[in-house]
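**Student:** One file: query-v8.pdb (PDB, C-alpha atoms and all ligand atoms).
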ATOM      1  CA  MET A  14     -27.773   2.032  -6.849
ATOM      2  CA  LYS A  15     -30.694   0.810  -8.912
ATOM      3  CA  THR A  16     -29.757   3.289 -11.649
ATOM      4  CA  ILE A  17     -26.170   2.070 -11.724
ATOM      5  CA  PHE A  18     -27.333  -1.522 -11.990
ATOM      6  CA  LEU A  19     -29.668  -0.644 -14.877
ATOM      7  CA  THR A  20     -26.911   1.258 -16.650
ATOM      8  CA  ILE A  21     -24.615  -1.753 -16.415
ATOM      9  CA  LEU A  22     -27.419  -4.035 -17.582
ATOM     10  CA  LEU A  23     -28.118  -1.849 -20.626
ATOM     11  CA  ALA A  24     -24.436  -1.667 -21.470
ATOM     12  CA  VAL A  25     -24.196  -5.456 -21.334
ATOM     13  CA  SER A  26     -27.356  -5.987 -23.389
ATOM     14  CA  ALA A  27     -25.910  -3.767 -26.158
ATOM     15  CA  SER A  28     -22.706  -5.808 -26.173
ATOM     16  CA  ALA A  29     -20.677  -5.724 -29.344
ATOM     17  CA  SER A  30     -20.439  -9.507 -29.209
ATOM     18  CA  ASP A  31     -23.792  -9.597 -31.048
ATOM     19  CA  ILE A  32     -22.176  -7.993 -34.089
ATOM     20  CA  LYS A  33     -19.771  -9.634 -36.499
ATOM     21  CA  VAL A  34     -18.017  -7.983 -39.399
ATOM     22  CA  PHE A  35     -16.504  -9.369 -42.598
ATOM     23  CA  PHE A  36     -14.494  -7.577 -45.276
ATOM     24  CA  SER A  37     -14.019  -8.131 -48.989
ATOM     25  CA  PRO A  38     -12.226  -9.113 -51.058
ATOM     26  CA  LYS A  39     -12.082 -12.738 -50.019
ATOM     27  CA  GLY A  40     -12.757 -12.079 -46.340
ATOM     28  CA  GLY A  41     -15.602 -14.503 -45.867
ATOM     29  CA  CYS A  42     -18.592 -12.288 -46.711
ATOM     30  CA  THR A  43     -20.211 -14.820 -49.042
ATOM     31  CA  GLU A  44     -19.579 -17.671 -46.600
ATOM     32  CA  ALA A  45     -21.125 -15.617 -43.787
ATOM     33  CA  VAL A  46     -24.257 -14.953 -45.857
ATOM     34  CA  VAL A  47     -24.540 -18.598 -46.932
ATOM     35  CA  GLU A  48     -24.003 -19.820 -43.359
ATOM     36  CA  ASN A  49     -26.616 -17.493 -41.867
ATOM     37  CA  VAL A  50     -29.141 -18.271 -44.614
ATOM     38  CA  GLY A  51     -28.439 -21.938 -43.893
ATOM     39  CA  LYS A  52     -29.357 -21.438 -40.228
ATOM     40  CA  ALA A  53     -32.648 -19.653 -40.982
ATOM     41  CA  LYS A  54     -35.688 -21.350 -39.498
ATOM     42  CA  SER A  55     -38.760 -19.343 -40.494
ATOM     43  CA  THR A  56     -38.303 -16.219 -42.633
ATOM     44  CA  ILE A  57     -35.756 -14.440 -44.819
ATOM     45  CA  LEU A  58     -36.450 -10.981 -46.212
ATOM     46  CA  VAL A  59     -33.951  -9.855 -48.835
ATOM     47  CA  GLN A  60     -33.446  -6.502 -50.460
ATOM     48  CA  ALA A  61     -30.612  -6.298 -52.943
ATOM     49  CA  TYR A  62     -29.305  -4.001 -55.619
ATOM     50  CA  SER A  63     -27.334  -6.398 -57.791
ATOM     51  CA  PHE A  64     -27.721 -10.101 -57.205
ATOM     52  CA  THR A  65     -25.493 -12.435 -59.159
ATOM     53  CA  SER A  66     -23.917 -14.619 -56.468
ATOM     54  CA  ALA A  67     -24.577 -18.272 -57.313
ATOM     55  CA  PRO A  68     -23.747 -19.594 -53.801
ATOM     56  CA  ILE A  69     -26.088 -17.066 -52.146
ATOM     57  CA  ALA A  70     -28.879 -17.740 -54.659
ATOM     58  CA  LYS A  71     -28.510 -21.486 -54.040
ATOM     59  CA  ALA A  72     -28.561 -21.002 -50.255
ATOM     60  CA  LEU A  73     -31.816 -19.028 -50.531
ATOM     61  CA  VAL A  74     -33.404 -21.696 -52.731
ATOM     62  CA  ASP A  75     -32.286 -24.419 -50.302
ATOM     63  CA  ALA A  76     -33.826 -22.442 -47.425
ATOM     64  CA  ALA A  77     -37.110 -22.079 -49.327
ATOM     65  CA  LYS A  78     -37.093 -25.830 -50.036
ATOM     66  CA  ARG A  79     -36.818 -26.659 -46.358
ATOM     67  CA  GLY A  80     -39.834 -24.475 -45.592
ATOM     68  CA  VAL A  81     -38.343 -21.061 -44.830
ATOM     69  CA  LYS A  82     -40.477 -18.228 -46.231
ATOM     70  CA  VAL A  83     -38.055 -16.384 -48.522
ATOM     71  CA  GLN A  84     -39.043 -13.110 -50.230
ATOM     72  CA  VAL A  85     -36.708 -11.002 -52.349
ATOM     73  CA  ILE A  86     -36.906  -7.378 -53.523
ATOM     74  CA  LEU A  87     -34.432  -6.343 -56.216
ATOM     75  CA  ASP A  88     -33.520  -3.116 -57.980
ATOM     76  CA  LYS A  89     -35.016  -2.571 -61.450
ATOM     77  CA  SER A  90     -31.578  -3.107 -63.040
ATOM     78  CA  GLN A  91     -32.038  -6.816 -62.330
ATOM     79  CA  ARG A  92     -34.770  -7.017 -64.985
ATOM     80  CA  THR A  93     -32.065  -6.791 -67.632
ATOM     81  CA  GLU A  94     -29.002  -8.036 -65.715
ATOM     82  CA  LYS A  95     -27.728 -10.967 -67.761
ATOM     83  CA  TYR A  96     -26.451 -12.989 -64.829
ATOM     84  CA  SER A  97     -29.074 -12.013 -62.273
ATOM     85  CA  GLY A  98     -29.962 -14.619 -59.696
ATOM     86  CA  ALA A  99     -33.548 -13.388 -60.090
ATOM     87  CA  ASP A 100     -34.351 -15.846 -62.882
ATOM     88  CA  PHE A 101     -32.890 -18.802 -60.985
ATOM     89  CA  LEU A 102     -34.836 -17.927 -57.829
ATOM     90  CA  LEU A 103     -38.033 -17.281 -59.763
ATOM     91  CA  HIS A 104     -37.799 -20.655 -61.538
ATOM     92  CA  GLU A 105     -37.245 -22.339 -58.169
ATOM     93  CA  GLY A 106     -40.437 -20.770 -56.834
ATOM     94  CA  VAL A 107     -38.975 -17.974 -54.682
ATOM     95  CA  PRO A 108     -41.116 -14.807 -54.908
ATOM     96  CA  ILE A 109     -39.163 -11.922 -56.451
ATOM     97  CA  PHE A 110     -40.280  -8.300 -56.534
ATOM     98  CA  ILE A 111     -38.801  -5.324 -58.360
ATOM     99  CA  ASP A 112     -38.590  -1.943 -56.643
ATOM    100  CA  ALA A 113     -38.507   0.620 -59.459
ATOM    101  CA  LYS A 114     -39.571   3.584 -57.352
ATOM    102  CA  HIS A 115     -36.089   4.948 -56.657
ATOM    103  CA  ALA A 116     -33.200   6.200 -58.790
ATOM    104  CA  ILE A 117     -31.551   3.056 -57.503
ATOM    105  CA  ALA A 118     -32.809   0.674 -54.808
ATOM    106  CA  HIS A 119     -29.390   0.370 -53.263
ATOM    107  CA  ASN A 120     -30.076  -1.462 -49.990
ATOM    108  CA  LYS A 121     -28.335  -4.776 -49.477
ATOM    109  CA  ILE A 122     -29.987  -6.395 -46.521
ATOM    110  CA  MET A 123     -31.297  -9.664 -45.214
ATOM    111  CA  VAL A 124     -33.542  -9.968 -42.177
ATOM    112  CA  ILE A 125     -33.477 -13.537 -40.894
ATOM    113  CA  ASP A 126     -36.056 -14.984 -38.462
ATOM    114  CA  SER A 127     -37.031 -11.453 -37.304
ATOM    115  CA  HIS A 128     -33.893 -11.049 -35.177
ATOM    116  CA  LYS A 129     -30.814 -11.121 -37.391
ATOM    117  CA  ILE A 130     -29.730  -8.481 -39.898
ATOM    118  CA  LEU A 131     -27.094  -8.817 -42.597
ATOM    119  CA  THR A 132     -26.143  -5.504 -44.157
ATOM    120  CA  GLY A 133     -23.255  -3.347 -45.352
ATOM    121  CA  SER A 134     -21.826  -2.301 -48.683
ATOM    122  CA  PHE A 135     -21.521  -5.955 -49.707
ATOM    123  CA  ASN A 136     -23.662  -6.671 -52.774
ATOM    124  CA  PHE A 137     -24.722 -10.276 -53.266
ATOM    125  CA  THR A 138     -22.400 -10.639 -56.244
ATOM    126  CA  LYS A 139     -19.292 -12.520 -57.306
ATOM    127  CA  GLU A 140     -17.447  -9.214 -57.838
ATOM    128  CA  ALA A 141     -18.200  -8.022 -54.304
ATOM    129  CA  GLU A 142     -16.658 -11.211 -52.964
ATOM    130  CA  GLU A 143     -13.639 -11.511 -55.241
ATOM    131  CA  SER A 144     -12.692  -8.043 -56.456
ATOM    132  CA  ASN A 145     -14.259  -5.243 -54.436
ATOM    133  CA  ALA A 146     -13.512  -3.580 -51.111
ATOM    134  CA  GLU A 147     -16.717  -4.142 -49.142
ATOM    135  CA  ASN A 148     -17.967  -4.779 -45.634
ATOM    136  CA  LEU A 149     -20.708  -6.961 -44.237
ATOM    137  CA  LEU A 150     -22.193  -6.766 -40.741
ATOM    138  CA  VAL A 151     -24.111  -9.617 -39.134
ATOM    139  CA  ILE A 152     -26.175  -8.148 -36.307
ATOM    140  CA  GLU A 153     -28.318 -10.023 -33.788
ATOM    141  CA  ASP A 154     -30.880  -7.487 -32.576
ATOM    142  CA  ALA A 155     -34.626  -8.077 -32.641
ATOM    143  CA  ALA A 156     -35.525  -4.395 -32.100
ATOM    144  CA  LEU A 157     -33.311  -3.294 -34.983
ATOM    145  CA  ALA A 158     -34.611  -6.158 -37.124
ATOM    146  CA  LYS A 159     -38.121  -4.805 -36.561
ATOM    147  CA  LYS A 160     -37.093  -1.450 -38.064
ATOM    148  CA  TYR A 161     -35.461  -3.146 -41.056
ATOM    149  CA  THR A 162     -38.571  -5.289 -41.531
ATOM    150  CA  ALA A 163     -40.833  -2.208 -41.501
ATOM    151  CA  ASN A 164     -38.605  -0.548 -44.095
ATOM    152  CA  TRP A 165     -38.559  -3.735 -46.197
ATOM    153  CA  GLN A 166     -42.389  -3.870 -46.048
ATOM    154  CA  SER A 167     -42.668  -0.247 -47.170
ATOM    155  CA  HIS A 168     -40.534  -1.064 -50.231
ATOM    156  CA  LEU A 169     -42.587  -4.197 -50.931
ATOM    157  CA  GLY A 170     -45.691  -1.986 -50.925
ATOM    158  CA  HIS A 171     -44.572  -0.190 -54.091
ATOM    159  CA  SER A 172     -42.750  -3.101 -55.747
ATOM    160  CA  GLU A 173     -44.040  -5.286 -58.577
ATOM    161  CA  PRO A 174     -43.747  -9.061 -58.930
ATOM    162  CA  TYR A 175     -40.811  -9.953 -61.168
ATOM    163  CA  THR A 176     -41.500 -11.912 -64.318
ATOM    164  CA  ASP A 177     -38.795 -13.307 -66.538
ATOM    165  CA  GLU A 178     -39.150 -11.003 -69.533
ATOM    166  CA  LYS A 179     -36.333 -12.748 -71.379
ATOM    167  CA  GLU A 180     -38.370 -15.961 -71.283
ATOM    168  CA  THR A 181     -41.564 -14.164 -72.331
ATOM    169  CA  MET A 182     -39.716 -12.834 -75.358
ATOM    170  CA  ALA A 183     -38.523 -16.351 -76.196
ATOM    171  CA  ASP A 184     -42.153 -17.523 -76.158
ATOM    172  CA  THR A 185     -42.907 -15.336 -79.160
ATOM    173  CA  ARG A 186     -40.617 -17.411 -81.386
ATOM    174  CA  PRO A 187     -42.200 -18.093 -84.844
ATOM    175  CA  ASN A 188     -42.826 -21.842 -84.434
ATOM    176  CA  ARG A 189     -45.041 -21.261 -81.403
ATOM    177  CA  LYS A 190     -48.749 -20.739 -82.052
ATOM    178  CA  ARG A 191     -49.899 -17.383 -80.792
ATOM    179  CA  ALA A 192     -52.985 -17.211 -78.610
ATOM    180  CA  LYS A 193     -54.414 -14.336 -80.626
TER     181      LYS A 193
HETATM  182 ZN    ZN B 201     -38.723   1.246 -52.487
END
So that I can check it, write out the structure of this file as structure tokens.
Ligand SMILES: [Zn+2]

**Tutor:**
Amino acid sequence: MKTIFLTILLAVSASASDIKVFFSPKGGCTEAVVENVGKAKSTILVQAYSFTSAPIAKALVDAAKRGVKVQVILDKSQRTEKYSGADFLLHEGVPIFIDAKHAIAHNKIMVIDSHKILTGSFNFTKEAEESNAENLLVIEDAALAKKYTANWQSHLGHSEPYTDEKETMADTRPNRKRAK
């Protein structure tokens, strides 16, 4: 009897109602990300491959401004991506790191307040929202979030802080006095 009760309890605790799914194109993926970032209270860990979505970048900056600790790891391609949100976030004071250890750092995840995970094929880009066939899962699960956080930390361990190289290059313009 006790076993049956426990089995039912476990089945209920793993209820699918804690998982939401969204599909691109134009199926609410960006809105779901923005909404969940908007609800964040303490921490947001991001790992992204391409990151060009203006609404998502703005939502992350707004979260950071209201005191949420936001940290972002991006693939090395974002060092040269013309429309990367990396520069915007960096200039707004959000710490950005580049993971160059892999052929591509292809994860697209957010871990929010240590209990919510956003993941799927959905890149944080305009194309993923408007043109591509993608999926995004929003999962409420603290135990799973712990695993994603550990994986995120392991990537942070071999990532480097992002600096805006395009701006550094601009600083070498002829009318600026060189330090050396
Ligand atoms: Zn890595």

**Student:** Report as a list of chain:residue names all protein, DNA and RNA residues lying within 6 Å of stretch 163-180 of chain A, evaluated on only C-alpha atoms, omitting residues in the same chain fewer than 6 positions from it.

**Tutor:**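 Non-adjacent residues within range: A:Ile109, A:Phe110, A:Ile111, A:Asp112.
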
**Student:** Output C-alpha atoms of each residue in that selection to a file, as a PDB file, in the coordinates of the input.

**Tutor:**
ATOM      1  CA  ILE A 109     -39.163 -11.922 -56.451  1.00  0.00           C
ATOM      2  CA  PHE A 110     -40.280  -8.300 -56.534  1.00  0.00           C
ATOM      3  CA  ILE A 111     -38.801  -5.324 -58.360  1.00  0.00           C
ATOM      4  CA  ASP A 112     -38.590  -1.943 -56.643  1.00  0.00           C
TER       5      ASP A 112
END

**Student:** Which is closer to A:Gln84 than all the others in A:Asn120, A:Thr56, A:Asn136, A:Thr65, using all atoms listed in the file?

**Tutor:**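 Closest to A:Gln84 of all the choices is A:Thr56.
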
**Student:** On this file, the PyMOL selection byres (((chain A and resi 139) around 9) and not hetatm) gives some set of residues; write that set as a list in words.

**Tutor:** Thr43, Phe64, Thr65, Ser66, Ala67, Asn136, Phe137, Thr138, Glu140, Ala141, Glu142, Glu143 and Ser144 of chain A

**Student:** Residue by residue, what does the PyMOL selection byres (((chain A and resi 150) around 10) and not hetatm) grab here? Present the result as a PyMOL selection string.

**Tutor:** chain A and resi 32-36+42+45-46+122+130-135+148-149+151-153

**Student:** Take the residues from that selection and write them out as a PDB file, in the frame of the given file, keeping C-alpha atoms.

**Tutor:**
ATOM      1  CA  ILE A  32     -22.176  -7.993 -34.089  1.00  0.00           C
ATOM      2  CA  LYS A  33     -19.771  -9.634 -36.499  1.00  0.00           C
ATOM      3  CA  VAL A  34     -18.017  -7.983 -39.399  1.00  0.00           C
ATOM      4  CA  PHE A  35     -16.504  -9.369 -42.598  1.00  0.00           C
ATOM      5  CA  PHE A  36     -14.494  -7.577 -45.276  1.00  0.00           C
ATOM      6  CA  CYS A  42     -18.592 -12.288 -46.711  1.00  0.00           C
ATOM      7  CA  ALA A  45     -21.125 -15.617 -43.787  1.00  0.00           C
ATOM      8  CA  VAL A  46     -24.257 -14.953 -45.857  1.00  0.00           C
ATOM      9  CA  ILE A 122     -29.987  -6.395 -46.521  1.00  0.00           C
ATOM     10  CA  ILE A 130     -29.730  -8.481 -39.898  1.00  0.00           C
ATOM     11  CA  LEU A 131     -27.094  -8.817 -42.597  1.00  0.00           C
ATOM     12  CA  THR A 132     -26.143  -5.504 -44.157  1.00  0.00           C
ATOM     13  CA  GLY A 133     -23.255  -3.347 -45.352  1.00  0.00           C
ATOM     14  CA  SER A 134     -21.826  -2.301 -48.683  1.00  0.00           C
ATOM     15  CA  PHE A 135     -21.521  -5.955 -49.707  1.00  0.00           C
ATOM     16  CA  ASN A 148     -17.967  -4.779 -45.634  1.00  0.00           C
ATOM     17  CA  LEU A 149     -20.708  -6.961 -44.237  1.00  0.00           C
ATOM     18  CA  VAL A 151     -24.111  -9.617 -39.134  1.00  0.00           C
ATOM     19  CA  ILE A 152     -26.175  -8.148 -36.307  1.00  0.00           C
ATOM     20  CA  GLU A 153     -28.318 -10.023 -33.788  1.00  0.00           C
TER      21      GLU A 153
END

**Student:** List, as a list in words, every residue that the PyMOL selection byres (((chain A and resi 52) around 12) and not hetatm) selects in the file provided.

**Tutor:**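 That expression, the PyMOL selection byres (((chain A and resi 52) around 12) and not hetatm), corresponds here to Ala45, Val46, Val47, Glu48, Asn49, Val50, Gly51, Ala53, Lys54, Ser55, Thr56, Ile57, Ala72, Leu73, Asp75, Ala76, Ala77, Arg79, Val81, Ile125, Asp126 and Lys129 of chain A.
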
**Student:** To one decimal place, how far is atom CA of A:Gly80 from atom CA of A:His119 in Å?

**Tutor:**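 So the answer is 28.0 Å.
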
**Student:** How would stretch 38-54 of chain A read, as a short mmCIF file (atom, residue, chain, number, x, y, z; two decimals), in the frame of the given file, once N, CA and C atoms are built in?

**Tutor:**
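Listed below is the output, part_21.cif:
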data_model
loop_
_atom_site.label_atom_id
_atom_site.label_comp_id
_atom_site.auth_asym_id
_atom_site.auth_seq_id
_atom_site.Cartn_x
_atom_site.Cartn_y
_atom_site.Cartn_z
N PRO A 38 -11.97 -7.86 -50.34
CA PRO A 38 -12.23 -9.11 -51.06
C PRO A 38 -11.76 -10.33 -50.26
N LYS A 39 -12.45 -11.41 -50.53
CA LYS A 39 -12.08 -12.74 -50.02
C LYS A 39 -11.90 -12.77 -48.50
N GLY A 40 -12.84 -12.11 -47.80
CA GLY A 40 -12.76 -12.08 -46.34
C GLY A 40 -13.89 -12.83 -45.68
N GLY A 41 -14.57 -13.65 -46.46
CA GLY A 41 -15.60 -14.50 -45.87
C GLY A 41 -17.01 -13.95 -45.89
N CYS A 42 -17.24 -12.88 -46.65
CA CYS A 42 -18.59 -12.29 -46.71
C CYS A 42 -19.60 -13.29 -47.28
N THR A 43 -19.27 -13.88 -48.41
CA THR A 43 -20.21 -14.82 -49.04
C THR A 43 -20.48 -16.00 -48.12
N GLU A 44 -19.41 -16.54 -47.52
CA GLU A 44 -19.58 -17.67 -46.60
C GLU A 44 -20.48 -17.30 -45.43
N ALA A 45 -20.31 -16.07 -44.92
CA ALA A 45 -21.12 -15.62 -43.79
C ALA A 45 -22.60 -15.54 -44.19
N VAL A 46 -22.87 -15.04 -45.38
CA VAL A 46 -24.26 -14.95 -45.86
C VAL A 46 -24.83 -16.36 -46.01
N VAL A 47 -24.07 -17.23 -46.69
CA VAL A 47 -24.54 -18.60 -46.93
C VAL A 47 -24.79 -19.32 -45.60
N GLU A 48 -23.87 -19.15 -44.66
CA GLU A 48 -24.00 -19.82 -43.36
C GLU A 48 -25.25 -19.35 -42.61
N ASN A 49 -25.47 -18.03 -42.60
CA ASN A 49 -26.62 -17.49 -41.87
C ASN A 49 -27.94 -17.82 -42.56
N VAL A 50 -27.95 -17.84 -43.88
CA VAL A 50 -29.14 -18.27 -44.61
C VAL A 50 -29.40 -19.74 -44.29
N GLY A 51 -28.32 -20.51 -44.20
CA GLY A 51 -28.44 -21.94 -43.89
C GLY A 51 -29.01 -22.22 -42.52
N LYS A 52 -28.84 -21.26 -41.59
CA LYS A 52 -29.36 -21.44 -40.23
C LYS A 52 -30.78 -20.93 -40.06
N ALA A 53 -31.30 -20.26 -41.09
CA ALA A 53 -32.65 -19.65 -40.98
C ALA A 53 -33.70 -20.72 -40.72
N LYS A 54 -34.66 -20.38 -39.87
CA LYS A 54 -35.69 -21.35 -39.50
C LYS A 54 -37.07 -20.99 -40.02
#
